[in-house]
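Right, one structure below, let's go through it.
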Amino acid sequence: MKRIENYAITACLALIGCLCLTGCADSLEEMKKENYEANWIKKFGKVDPNHTWNIATPTEANLSIKEDALTEYTFKIYDNDPIWGTDAKLLAKAVVKTDGEGYAQTHMKFDAPAGLEKVYITRTDSHGRRLLKVSNIENKTMKVEFGIFQDGSRADEGYDFPVFNLPDYIANLNSIKEEAANLEDGLKNNNNNSTIDFNQSSNRTVKVTTDKFTISGINFNTQSNAYGNYKLIIDANCTWNTTEKNQIYGVDVIITPGHTLTITGSILDVQCYTRLIVMEGAKFVAFGGNGTDNNSASIKMQWDDTPLVYNAGTIQTNYISMNSGHLYNTSTGIIESNIIQFLQDNTGTLTNYGKVHVESIYGNGRTENIGAVQSGQHGTINNACFINVDMEFNIFNLNLAANSSIESKYIIVNNMILRPSCILRSDEFSAQNASWKFVGDKETGRALISTKHTSYLHSGGIHIDGPIYYESNTFANETYKTAIEIAASNGLGCGVVGSAPFLIIPDGFDANDISKADCVGHGNIPQDFENIVDTSIEWVVAFEDLGSTGDYDFNDAVVGITHNAETNQVEITPLAAGGTMKAELYFGNEKLGEIHDLLRKGAPTNVPINVDERGNKGQKIIKSVGNGFSISEKWQDLKIVVGNKSSTIVLEPNKETGRAPQAICIPAPWFWAKEGIHIEQAYKQFGGWTQDQNSNQKWHQTPERGKIAL
């Protein structure tokens, strides 16, 4: 704010004879506005007729959640990643409570910097545990979903695991059952001995509809080479004695909702082109094998890669032997078993979209000593939800989806593909020649391997690709810690040891009912996580006086304003005063004080403060505001009144668009130009923004060093 020139004052006094003092002041103000506008056009060209000079942009978010019923969740929206080493600012916050079905939604309005392309949304549960998501802003709006929605899909999938769908004929299962032969009535040429003889019977579909009925077995002459040639429909609570005839070739065994098939005897041998289908609401129980070796398993899958066990209900067994084929657990599926063993040189795959609770999972390379890792593990696991292992988890290939988890007492795993917000947690961890690869957005995602104790890591044999955070309380040998540190330094954005800054959804694990477990089990709450303090975004309003010099440095009065939506208050902070006249700061009609005095108590008004160098901020002034306060709308309540009782000039944000600005609004941190330096010299892209407010919207992020106050 420059001194009003002597000739202007003289001219004003000369008019007193024909105008009152107020009229003279009005004429002086009007004259200077016209001069200011004309100089602006000479400097920058014509102004965008829609220009508001405000970077704060009204933005809307539609957030939905489908998780636990009658539970409070907190949504927070940030302009940056709130955890991963950035200076994130809180843009908005909302608290919702889900209904009896676990559903809630909210519509949020907030101010975001123009040009901001994406925001970071956290969902916090009642335990303080969070899930982070990133959303693009399109047309000033966004839509984000958390949880599992009515169609059964997960809103946060982000993986490409195998998907097996029920056979098409399942949709017409009722009509097929009507035409099927009743096994209880006795089939042609089977002597009524409850053995299914597909070799001699012309009927390829058989059903069991009587509770407590016992199946003796199935007869075949040749193996089948296609799915669905034969069908056995279990539409009752029955048993299958597999003591003698325990092999299935080319049969679809379908257990219908509300019914249980119990295997007695020894092994149920699932072989070529056989599908064991446990529908949602159905149950398969098999405790026939003694669980000591491959030939005494409860379920044995072998011969080629075609056997499929499809579970949308519940499987309870003591031993599943995976020589080949695919064990597929849907999002509604629950598998409870003592042992799942993988054999035959890495064949056999478990894909889990639901819940799995077992005592141990291992391959041929099983070892009783967690520190003596062997390279003979077999099998592949694709995990999209939650696997809980009481004792040993020993697998060769592991593929974890976003927001999935595996927990085990002992973990030995070599090849891993990890995705955002997945967790591998153990009491003890070991790896031989390990390759750990992160798949996903490496700027916003991260994966976590968390263990209480590292028993063994092959020095020089650990390869990490991507932001995979390794968290270990202790190491059995310092060389293991060194191996991780070296791998981390060679990787991309990898954490090493300590408390991981990790966001994840958890909801606890109930060992008695794993259907209540969330896909990430216990989740992760590092010790330093709870100490994160949210900082609301600050906006800077920079004023330019109406002097005739036309320097346009926008440092004549600089004020910060922050809105706290939780308290419905704003914090107004004087930052700089470049003018040399008395300047009163107003918020609405309320005078807050003289800006030099607010910056430094008792400071003279004729000396600029914090102009060429950023000094201490002024005292914060806290004012209450109503609900729905918006910087994009209410920044115009800030104004500067310059002068004295006889002659004043009001500097304020434009009340109409398309005029040369007396004030601009920018997100902090912002570095104003030094005294006498035009703003377009300090910010090269500023001129383009003046002519089109939809272009060069990030001009304030690229200052010219040496021309700004630091």
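By convention here, the chains of the structure tokens are called A, B, ... in the order presented, each chain's residues are numbered starting at 1, and ligands are numbered starting at 1 in the order presented.
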**Report entry** 10 Å contact set for Ile233 in chain A, only C-alpha atoms, chain neighbours under 5 positions out, as a list in words
**Finding:**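 Returned residues: Leu173, Ile176, Lys177, Ala180, Ala181, Asn182, Leu183, Thr205, Val206, Lys207, Val208, Thr209, Asp252, Val253, Ile254, Ile255, Thr256 and Ile277 of chain A.
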Report task. Return the single residue from A:Gly100, A:Phe161, A:Pro467, A:Lys634 that is closest to Ile381 in chain A, with distances computed using only C-alpha atoms. Result ->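 For Ile381 in chain A, the nearest of the given residues is A:Phe161.
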Skip Gly658 in chain A itself and residues of its chain fewer than 3 positions away, then list as a PDB file with C-alpha atoms, in the first residue's frame all residues within 8 Å of it, counting only C-alpha atoms.
ATOM      1  CA  VAL A  47      -9.728 -10.011 -17.884  1.00  0.00           C
ATOM      2  CA  ASP A  48     -11.671 -13.268 -18.219  1.00  0.00           C
ATOM      3  CA  PRO A  49     -15.277 -11.986 -17.911  1.00  0.00           C
ATOM      4  CA  ASN A  50     -16.086 -14.886 -15.532  1.00  0.00           C
ATOM      5  CA  HIS A  51     -12.994 -14.492 -13.349  1.00  0.00           C
ATOM      6  CA  THR A  52     -13.580 -14.665  -9.585  1.00  0.00           C
TER       7      THR A  52
END
Report task. Would you work out the distance separating CA of Gly593 in chain A from CA of Lys655 in chain A, expressed in Å to one decimal? Result -> 23.0 Å
**Report entry** All residues 9 Å or closer to Ala673 in chain A, only C-alpha atoms, same chain fewer than 4 positions away omitted, as number ranges by chain
**Finding:** A: 553-555, 611-612, 677-683, 703, 707-709
Keeping only N, CA and C atoms, write the selected residues as a PDB file, in the first residue's frame.
ATOM      1  N   ASP A 553       2.181  -6.193  -6.842  1.00  0.00           N
ATOM      2  CA  ASP A 553       2.951  -7.224  -6.135  1.00  0.00           C
ATOM      3  C   ASP A 553       2.084  -8.040  -5.180  1.00  0.00           C
ATOM      4  N   PHE A 554       0.867  -7.603  -4.910  1.00  0.00           N
ATOM      5  CA  PHE A 554      -0.080  -8.309  -4.045  1.00  0.00           C
ATOM      6  C   PHE A 554       0.535  -8.691  -2.696  1.00  0.00           C
ATOM      7  N   ASN A 555       1.290  -7.758  -2.133  1.00  0.00           N
ATOM      8  CA  ASN A 555       1.821  -7.977  -0.795  1.00  0.00           C
ATOM      9  C   ASN A 555       1.436  -6.850   0.151  1.00  0.00           C
ATOM     10  N   VAL A 611       7.652  -8.392   4.179  1.00  0.00           N
ATOM     11  CA  VAL A 611       7.457  -8.251   2.740  1.00  0.00           C
ATOM     12  C   VAL A 611       8.570  -8.935   1.946  1.00  0.00           C
ATOM     13  N   ASP A 612       9.814  -8.609   2.228  1.00  0.00           N
ATOM     14  CA  ASP A 612      10.922  -9.211   1.482  1.00  0.00           C
ATOM     15  C   ASP A 612      11.368 -10.536   2.083  1.00  0.00           C
ATOM     16  N   ILE A 677       8.131  -6.018  -7.059  1.00  0.00           N
ATOM     17  CA  ILE A 677       8.232  -7.031  -8.116  1.00  0.00           C
ATOM     18  C   ILE A 677       6.818  -7.424  -8.544  1.00  0.00           C
ATOM     19  N   HIS A 678       6.530  -7.272  -9.817  1.00  0.00           N
ATOM     20  CA  HIS A 678       5.211  -7.638 -10.318  1.00  0.00           C
ATOM     21  C   HIS A 678       4.962  -9.126 -10.082  1.00  0.00           C
ATOM     22  N   ILE A 679       3.714  -9.464  -9.825  1.00  0.00           N
ATOM     23  CA  ILE A 679       3.390 -10.847  -9.498  1.00  0.00           C
ATOM     24  C   ILE A 679       3.692 -11.794 -10.658  1.00  0.00           C
ATOM     25  N   GLU A 680       3.574 -11.279 -11.911  1.00  0.00           N
ATOM     26  CA  GLU A 680       3.852 -12.164 -13.036  1.00  0.00           C
ATOM     27  C   GLU A 680       5.347 -12.381 -13.221  1.00  0.00           C
ATOM     28  N   GLN A 681       6.184 -11.539 -12.573  1.00  0.00           N
ATOM     29  CA  GLN A 681       7.620 -11.792 -12.575  1.00  0.00           C
ATOM     30  C   GLN A 681       7.956 -12.890 -11.577  1.00  0.00           C
ATOM     31  N   ALA A 682       7.221 -12.927 -10.469  1.00  0.00           N
ATOM     32  CA  ALA A 682       7.434 -13.970  -9.459  1.00  0.00           C
ATOM     33  C   ALA A 682       6.769 -15.279  -9.852  1.00  0.00           C
ATOM     34  N   TYR A 683       5.679 -15.182 -10.643  1.00  0.00           N
ATOM     35  CA  TYR A 683       4.938 -16.370 -11.086  1.00  0.00           C
ATOM     36  C   TYR A 683       4.648 -16.212 -12.573  1.00  0.00           C
ATOM     37  N   PRO A 703       6.880 -20.705  -8.201  1.00  0.00           N
ATOM     38  CA  PRO A 703       7.462 -19.372  -8.039  1.00  0.00           C
ATOM     39  C   PRO A 703       8.881 -19.292  -8.600  1.00  0.00           C
ATOM     40  N   LYS A 707      12.649 -13.921  -6.152  1.00  0.00           N
ATOM     41  CA  LYS A 707      11.666 -12.869  -6.369  1.00  0.00           C
ATOM     42  C   LYS A 707      10.480 -12.978  -5.413  1.00  0.00           C
ATOM     43  N   ILE A 708      10.577 -13.920  -4.497  1.00  0.00           N
ATOM     44  CA  ILE A 708       9.486 -14.143  -3.547  1.00  0.00           C
ATOM     45  C   ILE A 708      10.022 -14.060  -2.122  1.00  0.00           C
ATOM     46  N   ALA A 709       9.140 -13.819  -1.193  1.00  0.00           N
ATOM     47  CA  ALA A 709       9.503 -13.756   0.221  1.00  0.00           C
ATOM     48  C   ALA A 709       9.589 -15.168   0.783  1.00  0.00           C
TER      49      ALA A 709
END
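Neighbouring residues of Val540 in chain A at 10 Å or closer, counting only C-alpha atoms and skipping chain neighbours under 2 positions away, are Ile55, Glu538, Ala542, Phe543, Val558, Val559, Gly560, Ile561, Thr562, Ile572, Thr573, Pro574, Leu575, Trp635, Ala663, Ile664, Cys665, Ile666, Pro667, Ala668, Pro669, Trp670, Phe671 and Trp672 of chain A.
The interatomic distance for the pair CA of Thr474 in chain A and CA of Leu448 in chain A works out to 16.2 Å.
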Query raised in the report: Which residue out of A:Ile468, A:Leu424, A:Ile631, A:Cys272 has the minimum interatomic distance to Lys437 in chain A when only C-alpha atoms are used?
Result: A:Ile468
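Proximity to Gly687 in chain A was assessed for A:Tyr73, A:His700, A:Asp305, A:Leu599 counting only C-alpha atoms; the smallest distance is recorded for A:His700.
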**Report entry** Exercise: range 695-697 of chain A partners within 7 Å, only C-alpha atoms, chain neighbours under 2 positions left out, as a PyMOL selection string
**Finding:** chain A and resi 114-115+685+688-689+692-693+699
Requested in this report: Based on DSSP run over this structure's backbone, return all residues of range 529-629 of chain A in strand (DSSP E or B), as a ChimeraX atom specification.
Outcome: /A:536,538-543,557-564,569-577,583-587,590-594,609,621-624
Restricting the output to C-alpha atoms, write the selected residues as an mmCIF file, in the first residue's frame.
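As written to disk, result.cif reads:
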data_model
loop_
_atom_site.group_PDB
_atom_site.id
_atom_site.type_symbol
_atom_site.label_atom_id
_atom_site.label_comp_id
_atom_site.auth_asym_id
_atom_site.auth_seq_id
_atom_site.Cartn_x
_atom_site.Cartn_y
_atom_site.Cartn_z
ATOM 1 C CA SER A 536 -7.272 -27.954 7.905
ATOM 2 C CA GLU A 538 -5.354 -22.672 4.923
ATOM 3 C CA TRP A 539 -6.172 -20.108 2.274
ATOM 4 C CA VAL A 540 -4.260 -16.882 1.671
ATOM 5 C CA VAL A 541 -6.031 -13.674 0.673
ATOM 6 C CA ALA A 542 -3.544 -11.201 -0.837
ATOM 7 C CA PHE A 543 -4.551 -7.547 -1.370
ATOM 8 C CA ALA A 557 -1.878 -6.906 2.935
ATOM 9 C CA VAL A 558 -1.660 -10.690 3.161
ATOM 10 C CA VAL A 559 -4.011 -12.638 5.427
ATOM 11 C CA GLY A 560 -4.461 -16.370 6.088
ATOM 12 C CA ILE A 561 -7.885 -17.886 6.759
ATOM 13 C CA THR A 562 -8.678 -21.452 7.867
ATOM 14 C CA HIS A 563 -12.115 -22.987 8.361
ATOM 15 C CA ASN A 564 -12.612 -25.643 11.043
ATOM 16 C CA GLN A 569 -14.958 -21.439 13.452
ATOM 17 C CA VAL A 570 -12.480 -19.625 11.228
ATOM 18 C CA GLU A 571 -8.922 -18.664 12.137
ATOM 19 C CA ILE A 572 -7.744 -15.405 10.574
ATOM 20 C CA THR A 573 -3.997 -14.780 10.674
ATOM 21 C CA PRO A 574 -2.194 -11.631 9.421
ATOM 22 C CA LEU A 575 0.867 -12.678 7.398
ATOM 23 C CA ALA A 576 2.332 -9.538 5.826
ATOM 24 C CA ALA A 577 1.743 -5.778 5.483
ATOM 25 C CA ALA A 583 -4.844 -0.364 7.286
ATOM 26 C CA GLU A 584 -7.731 -1.818 9.265
ATOM 27 C CA LEU A 585 -8.576 -5.517 8.760
ATOM 28 C CA TYR A 586 -12.280 -6.353 8.657
ATOM 29 C CA PHE A 587 -14.209 -9.637 8.617
ATOM 30 C CA GLU A 590 -16.411 -6.389 12.317
ATOM 31 C CA LYS A 591 -13.093 -4.569 12.613
ATOM 32 C CA LEU A 592 -10.365 -6.959 13.756
ATOM 33 C CA GLY A 593 -7.575 -4.421 14.151
ATOM 34 C CA GLU A 594 -4.852 -2.531 12.314
ATOM 35 C CA ILE A 609 6.376 -6.044 7.710
ATOM 36 C CA ILE A 621 -8.137 -14.245 15.455
ATOM 37 C CA ILE A 622 -10.860 -16.874 15.958
ATOM 38 C CA LYS A 623 -14.422 -16.156 14.894
ATOM 39 C CA SER A 624 -17.514 -18.344 14.975
#
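Distances from A:Pro82, A:Gly461, A:Pro420, A:Pro661 to Ala384 in chain A were compared using only C-alpha atoms, and the smallest one belongs to A:Pro420.
Contact shell of Asn352 in chain A at 10 Å (only C-alpha atoms; same-chain neighbours under 6 positions omitted): Phe161, Pro162, Asn311, Leu327, Tyr328, Asn329, Thr330, Ser331, Gly333, Ile334, Ile335, Ile381, Asn382, Asn383, Ala384, Cys385, Phe386, Ile387, Leu400, Ala401 and Ser404 of chain A.
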Query raised in the report: For Ala312 in chain A, which of A:Phe164, A:Ser266, A:Asp534, A:Gly325 is the closest residue, counting only C-alpha atoms?
Result: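 Of the candidates, the smallest distance to Ala312 in chain A is held by A:Phe164.
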